[in-house]
Amino acid sequence: MSILKSLLHGRPNGLRARLFGKPAPSSSAPRAPEASFETGEKALGLRKEAPKDVTPPDGFEVVLHKDALPDGQIIEVIMGGTSVAVARVDGVHYAIANTCAHAGGPLGDGKLAGSTVTCPYHGWKYDVTTGRCLTDTSASVKTFPVRIVGDAVCVQL
Ligand code: FES
């Protein structure tokens, strides 16, 4: 099965549900095991599809077209059941865990300003380039390696 045909689902009350006015599929709905950009692309009104002819490096998965995510945007992607927030800052993509260290808020639904994402739940701030929390310096979120291969953004869990 092509990873490019797999689906990405958001939370029922997440950004996609808010933008499109319909709930995301329930957690019992079948989900593709690999990453996809499709839902995230629609959520941001993007048009670039992830390249279908890219073979990601070992351990990486194609998550987006390299031009699909504008600078200053952050979205959630699901990779093998793991929720990851992918951000673009000054043309560079970063991937961090999508779960806020405070109370599990979805960082991919947060607001990105420069390299700082603000959690939509209670406002904790994180540097997406390092995963370090700027609100509570003892906290952080995991970062994931990102590589650009051809036109594809590839992330390694
Ligand atoms: S859950 Fe993120 S700030 Fe509270």
# chains A, B, ... in the order shown; residues from 1 in each chain; ligands from 1
$ residues_around --residues "range 61-77 of chain A" --least-positions-apart "4" --cutoff "6 Å" --atoms "only C-alpha atoms" --output "number ranges by chain"
A: 35-37, 46, 48-50, 56, 83-90, 108, 112, 151-155
$ residues_near_ligand --ligand "ligand 1" --cutoff "6 Å" --atoms "only C-alpha atoms and all ligand atoms" --output "count of residues only"
10
$ select_by_dssp --residues "range 89-124 of chain A" --states "strand (DSSP E)" --output "ChimeraX atom specification"
/A:89,92-97,111-113,116-118
$ closest_residue --among "A:Gly59, A:Pro51, A:Tyr126, A:Val92" --to "Met79 in chain A" --atoms "only C-alpha atoms"
A:Gly59
$ atom_distance --atom1 "CA of Val149 in chain A" --atom2 "CA of Val128 in chain A"
20.7 Å
$ residues_around --residues "Lys142 in chain A" --least-positions-apart "6" --cutoff "7 Å" --atoms "only C-alpha atoms" --output "MDAnalysis selection string"
chainID A and resid 96:97 131
$ write_last_selection --atoms "all heavy atoms" --output "short mmCIF file (atom, residue, chain, number, x, y, z; two decimals), in the first residue's frame"
data_model
loop_
_atom_site.label_atom_id
_atom_site.label_comp_id
_atom_site.auth_asym_id
_atom_site.auth_seq_id
_atom_site.Cartn_x
_atom_site.Cartn_y
_atom_site.Cartn_z
N ILE A 96 8.07 17.96 15.88
CA ILE A 96 8.11 17.75 17.33
C ILE A 96 6.90 16.90 17.73
O ILE A 96 5.93 16.78 16.97
CB ILE A 96 8.07 19.09 18.12
CG1 ILE A 96 6.77 19.87 17.81
CG2 ILE A 96 9.30 19.92 17.84
CD1 ILE A 96 6.59 21.11 18.67
N ALA A 97 6.97 16.33 18.91
CA ALA A 97 5.80 15.60 19.42
C ALA A 97 4.62 16.56 19.48
O ALA A 97 4.78 17.74 19.80
CB ALA A 97 6.10 15.05 20.81
N GLY A 131 12.52 21.80 20.70
CA GLY A 131 11.57 21.10 21.56
C GLY A 131 11.53 21.63 22.98
O GLY A 131 10.74 21.17 23.80
#
$ residues_around --residues "Phe144 in chain A" --least-positions-apart "3" --cutoff "6 Å" --atoms "only C-alpha atoms" --output "PDB file with C-alpha atoms, in the first residue's frame"
ATOM      1  CA  ALA A  95       8.959  17.996  13.660  1.00  0.00           C
ATOM      2  CA  ILE A  96       8.108  17.749  17.335  1.00  0.00           C
ATOM      3  CA  GLN A 156      11.764   9.823  11.323  1.00  0.00           C
ATOM      4  CA  LEU A 157      10.073   8.725  14.518  1.00  0.00           C
TER       5      LEU A 157
END
$ closest_residue --among "A:Leu134, A:Val117, A:Ala139, A:Val54" --to "Tyr94 in chain A" --atoms "only C-alpha atoms"
A:Val117
